[in-house]
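Chemist: The structure is given below, and queries will be raised subsequently.
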Amino acid sequence: MTTLPFPLAPEPDAITTEVGRKLFAGGADFLKGVVAMDGLPPADRIEVCFAGRSNVGKSTLINALTGRKALARASNTPGRTQEINFFTLTERYYLVDLPGYGYAEAPVAVVQKWQKLLKAYLSGRATLRRAFVLIDTRHGAKQVDEEIMTLLDSAAVPFQVVMTKADKVRPKERDEALARTRAALAKHPAAYPEIILTSSEIGEGIPTLRATIASIT
């Protein structure tokens with residue numbers, strides 16, 4: 001039996017699942033939106049960040065993880081989030097929502113400003129332990145996703161792919177998207193060796209992602 005590169009992360013056992021559940025049940029709150037490096041909160045705890053194309057379902061996923069329907073503001077307008085948004089997760093973690101990339105309805109100068117801030121944050125945040133790169137299961141990895149992966153490689157930030165909207169596709173389409181994504185990941189040394197498949201609507205993969213975050217030290 002051939003083992004696939006970048007397999008789907010296995011479901012956590014009952015104990016690990018409960019650790020993840022308790023972490024996220026402990027309370028998550030919006031702290032601040034940051035538009036420049038000097039506005040970053042103190043680097044006094046573990047950080048994990050979420051990156052993804054506009055409209056990939058990033059805000060919806062953060063809301064599903066935390067059980068707070070309106071914690072992260074979901075928008076029907078791609079590219080609306082123009083800040084790095086910090087959320088506290090108990091006193092141990094920051095959850096960091098990065099600006100969406102690709103298809104942003106914004107002037108070139110604004111997009112360039114985001115990109116500069118994003119690069120500075122990824123390269124200069126010592127407490128950032130892992131980036132979660134969100135990829136829409138309806139499409140698989142695209143060129144714009146590979147660009148953020150390359151940026152994470154150069155910043156030496158380990159990243160893990162989280163497939164979103166898994167409930168929106170048939171098994172064959174899902175497998176094709178996974179194949180495209182695995183092919184893309186094979187080029188990136190900073191890629192974590194497991195993929196998490198999620199659906200915020202039906203809760204698929206949410207316990208796995210919670211447990212994964214709780215295990216990061």
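Ordering of the structure tokens sets the chain letters (A, B, ...), residue numbers begin anew at 1 in every chain, and ligands are numbered from 1 in the order given.
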If we count only C-alpha atoms and set the cut-off at 7 Å, which residues sit around Gln160 of chain A, ignoring sequence neighbours fewer than 4 positions away in its own chain? Please answer as a PyMOL selection string.

Modeler: chain A and resi 131-133+191-192+194-195

Chemist: Using only C-alpha atoms, which residues of segment 115-214 of chain A come within 9 Å of segment 44-53 of chain A, and what is the closest atom pair for each, with the distance in Å to one decimal? Give it as a Markdown table, sorted by chain and residue number.

Modeler:
| residue | atom | partner | partner_atom | distance |
| --- | --- | --- | --- | --- |
| A:Arg125 | CA | A:Glu47 | CA | 8.9 |
| A:Thr127 | CA | A:Ile46 | CA | 5.4 |
| A:Leu128 | CA | A:Glu47 | CA | 4.6 |
| A:Arg129 | CA | A:Val48 | CA | 5.9 |
| A:Arg130 | CA | A:Val48 | CA | 5.1 |
| A:Ala131 | CA | A:Cys49 | CA | 4.8 |
| A:Phe132 | CA | A:Phe50 | CA | 4.8 |
| A:Val133 | CA | A:Ala51 | CA | 4.9 |
| A:Leu134 | CA | A:Gly52 | CA | 4.8 |
| A:Ile135 | CA | A:Gly52 | CA | 6.5 |
| A:Asp136 | CA | A:Arg53 | CA | 8.5 |
| A:Val144 | CA | A:Arg53 | CA | 7.6 |
| A:Asp145 | CA | A:Arg53 | CA | 7.2 |
| A:Ile148 | CA | A:Ala51 | CA | 8.2 |
| A:Ile213 | CA | A:Val48 | CA | 7.7 |

Chemist: Just how far from atom CA of Ile62 of chain A is atom CA of Lys168 of chain A, in Å to one decimal?

Modeler: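 These atoms are spaced 18.4 Å apart.
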
Chemist: What residues in segment 84-174 of chain A get the DSSP label strand (DSSP E or B)? Please answer as a VMD selection string.

Modeler: chain A and resid 84 to 89 93 to 97 101 128 to 136 159 to 164

Chemist: Using the selection just defined, write its residues with C-alpha atoms as an mmCIF file, in the first residue's frame.

Modeler:
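File result_2.cif, as written:
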data_model
loop_
_atom_site.group_PDB
_atom_site.id
_atom_site.type_symbol
_atom_site.label_atom_id
_atom_site.label_comp_id
_atom_site.auth_asym_id
_atom_site.auth_seq_id
_atom_site.Cartn_x
_atom_site.Cartn_y
_atom_site.Cartn_z
ATOM 1 C CA ILE A 84 -4.068 41.927 10.824
ATOM 2 C CA ASN A 85 -6.715 41.042 13.411
ATOM 3 C CA PHE A 86 -5.619 39.629 16.759
ATOM 4 C CA PHE A 87 -7.872 37.494 18.951
ATOM 5 C CA THR A 88 -6.967 36.269 22.424
ATOM 6 C CA LEU A 89 -7.564 32.596 23.171
ATOM 7 C CA TYR A 93 -2.577 32.025 22.558
ATOM 8 C CA TYR A 94 -3.211 34.678 19.959
ATOM 9 C CA LEU A 95 -5.279 33.676 16.956
ATOM 10 C CA VAL A 96 -4.236 35.973 14.120
ATOM 11 C CA ASP A 97 -6.434 36.629 11.091
ATOM 12 C CA TYR A 101 -5.140 37.758 -0.658
ATOM 13 C CA LEU A 128 4.493 32.809 15.602
ATOM 14 C CA ARG A 129 4.562 29.017 15.772
ATOM 15 C CA ARG A 130 2.480 27.986 12.784
ATOM 16 C CA ALA A 131 0.516 29.451 9.901
ATOM 17 C CA PHE A 132 -2.623 27.736 8.687
ATOM 18 C CA VAL A 133 -3.034 28.257 4.948
ATOM 19 C CA LEU A 134 -6.691 27.884 4.030
ATOM 20 C CA ILE A 135 -7.514 26.424 0.617
ATOM 21 C CA ASP A 136 -11.011 26.058 -0.835
ATOM 22 C CA PHE A 159 2.603 26.168 7.705
ATOM 23 C CA GLN A 160 -0.187 23.628 7.515
ATOM 24 C CA VAL A 161 -2.909 23.506 4.880
ATOM 25 C CA VAL A 162 -6.526 23.529 6.028
ATOM 26 C CA MET A 163 -9.024 22.673 3.302
ATOM 27 C CA THR A 164 -12.292 24.590 3.746
#

Chemist: List the neighbours of segment 198-211 of chain A out to 9 Å using only C-alpha atoms; skip same-chain residues closer than 4 positions along the sequence, and give me the result as a PyMOL selection string.

Modeler: chain A and resi 9-12+16-21+23-24+57+60-66+137+162-168+215-216

Chemist: Could you save those same residues with N, CA, C and O atoms as a tab-separated table (two decimals), in the first residue's frame?

Modeler:
chain	number	residue	atom	x	y	z
A	9	ALA	N	-4.95	14.62	8.16
A	9	ALA	CA	-4.67	14.43	9.59
A	9	ALA	C	-5.71	13.48	10.18
A	9	ALA	O	-6.90	13.62	9.91
A	10	PRO	N	-5.28	12.51	10.97
A	10	PRO	CA	-6.24	11.60	11.59
A	10	PRO	C	-7.07	12.32	12.64
A	10	PRO	O	-6.64	13.33	13.21
A	11	GLU	N	-8.26	11.80	12.90
A	11	GLU	CA	-9.07	12.37	13.98
A	11	GLU	C	-8.36	12.14	15.31
A	11	GLU	O	-7.83	11.05	15.56
A	12	PRO	N	-8.35	13.13	16.18
A	12	PRO	CA	-7.67	12.96	17.48
A	12	PRO	C	-8.44	11.99	18.37
A	12	PRO	O	-9.65	11.80	18.20
A	16	THR	N	-7.30	13.92	23.50
A	16	THR	CA	-6.77	15.05	22.74
A	16	THR	C	-7.89	15.96	22.26
A	16	THR	O	-7.77	17.19	22.26
A	17	THR	N	-9.00	15.35	21.86
A	17	THR	CA	-10.17	16.12	21.44
A	17	THR	C	-10.67	17.00	22.58
A	17	THR	O	-11.00	18.18	22.39
A	18	GLU	N	-10.70	16.44	23.78
A	18	GLU	CA	-11.19	17.18	24.94
A	18	GLU	C	-10.25	18.32	25.31
A	18	GLU	O	-10.71	19.41	25.71
A	19	VAL	N	-8.95	18.11	25.15
A	19	VAL	CA	-7.99	19.19	25.40
A	19	VAL	C	-8.26	20.36	24.45
A	19	VAL	O	-8.28	21.53	24.87
A	20	GLY	N	-8.48	20.06	23.18
A	20	GLY	CA	-8.79	21.10	22.20
A	20	GLY	C	-10.11	21.78	22.50
A	20	GLY	O	-10.23	23.01	22.41
A	21	ARG	N	-11.12	21.00	22.88
A	21	ARG	CA	-12.43	21.58	23.19
A	21	ARG	C	-12.33	22.54	24.37
A	21	ARG	O	-12.87	23.65	24.34
A	23	LEU	N	-9.71	24.17	25.49
A	23	LEU	CA	-8.97	25.38	25.14
A	23	LEU	C	-9.90	26.41	24.51
A	23	LEU	O	-9.92	27.58	24.92
A	24	PHE	N	-10.68	25.98	23.55
A	24	PHE	CA	-11.54	26.93	22.84
A	24	PHE	C	-12.78	27.30	23.63
A	24	PHE	O	-13.38	28.35	23.39
A	57	GLY	N	-13.34	31.49	3.31
A	57	GLY	CA	-14.08	31.08	4.50
A	57	GLY	C	-13.28	31.20	5.78
A	57	GLY	O	-13.53	30.48	6.75
A	60	THR	N	-15.35	32.58	8.80
A	60	THR	CA	-16.32	31.57	9.19
A	60	THR	C	-15.65	30.43	9.95
A	60	THR	O	-16.20	29.90	10.92
A	61	LEU	N	-14.44	30.07	9.53
A	61	LEU	CA	-13.70	29.01	10.22
A	61	LEU	C	-13.31	29.44	11.63
A	61	LEU	O	-13.45	28.66	12.59
A	62	ILE	N	-12.82	30.66	11.78
A	62	ILE	CA	-12.46	31.16	13.11
A	62	ILE	C	-13.69	31.18	14.02
A	62	ILE	O	-13.62	30.79	15.19
A	63	ASN	N	-14.82	31.59	13.48
A	63	ASN	CA	-16.06	31.59	14.26
A	63	ASN	C	-16.46	30.17	14.67
A	63	ASN	O	-16.91	29.93	15.80
A	64	ALA	N	-16.28	29.21	13.75
A	64	ALA	CA	-16.63	27.81	14.06
A	64	ALA	C	-15.70	27.25	15.14
A	64	ALA	O	-16.14	26.53	16.04
A	65	LEU	N	-14.41	27.57	15.05
A	65	LEU	CA	-13.45	27.09	16.06
A	65	LEU	C	-13.80	27.60	17.45
A	65	LEU	O	-13.73	26.85	18.43
A	66	THR	N	-14.16	28.87	17.52
A	66	THR	CA	-14.37	29.51	18.82
A	66	THR	C	-15.81	29.37	19.31
A	66	THR	O	-16.10	29.69	20.47
A	137	THR	N	-11.73	23.74	-0.91
A	137	THR	CA	-11.78	22.37	-1.44
A	137	THR	C	-12.42	22.33	-2.83
A	137	THR	O	-12.21	21.37	-3.58
A	162	VAL	N	-5.18	23.87	5.57
A	162	VAL	CA	-6.53	23.53	6.03
A	162	VAL	C	-7.46	23.70	4.83
A	162	VAL	O	-7.59	24.80	4.31
A	163	MET	N	-8.06	22.61	4.41
A	163	MET	CA	-9.02	22.67	3.30
A	163	MET	C	-10.38	23.09	3.87
A	163	MET	O	-10.86	22.49	4.84
A	164	THR	N	-11.00	24.10	3.28
A	164	THR	CA	-12.29	24.59	3.75
A	164	THR	C	-13.41	24.17	2.79
A	164	THR	O	-13.16	23.75	1.66
A	165	LYS	N	-14.64	24.28	3.28
A	165	LYS	CA	-15.85	24.04	2.47
A	165	LYS	C	-15.89	22.64	1.87
A	165	LYS	O	-16.34	22.43	0.75
A	166	ALA	N	-15.43	21.66	2.67
A	166	ALA	CA	-15.37	20.28	2.19
A	166	ALA	C	-16.75	19.71	1.89
A	166	ALA	O	-16.89	18.77	1.10
A	167	ASP	N	-17.78	20.29	2.51
A	167	ASP	CA	-19.14	19.80	2.28
A	167	ASP	C	-19.71	20.24	0.94
A	167	ASP	O	-20.78	19.78	0.53
A	168	LYS	N	-19.01	21.12	0.24
A	168	LYS	CA	-19.53	21.69	-1.00
A	168	LYS	C	-19.17	20.88	-2.25
A	168	LYS	O	-19.58	21.24	-3.35
A	215	SER	N	-2.05	21.57	20.69
A	215	SER	CA	-0.80	20.80	20.82
A	215	SER	C	0.44	21.64	20.51
A	215	SER	O	1.57	21.20	20.71
A	216	ILE	N	0.24	22.85	19.97
A	216	ILE	CA	1.37	23.69	19.57
A	216	ILE	C	1.94	24.40	20.79
A	216	ILE	O	1.21	25.07	21.52
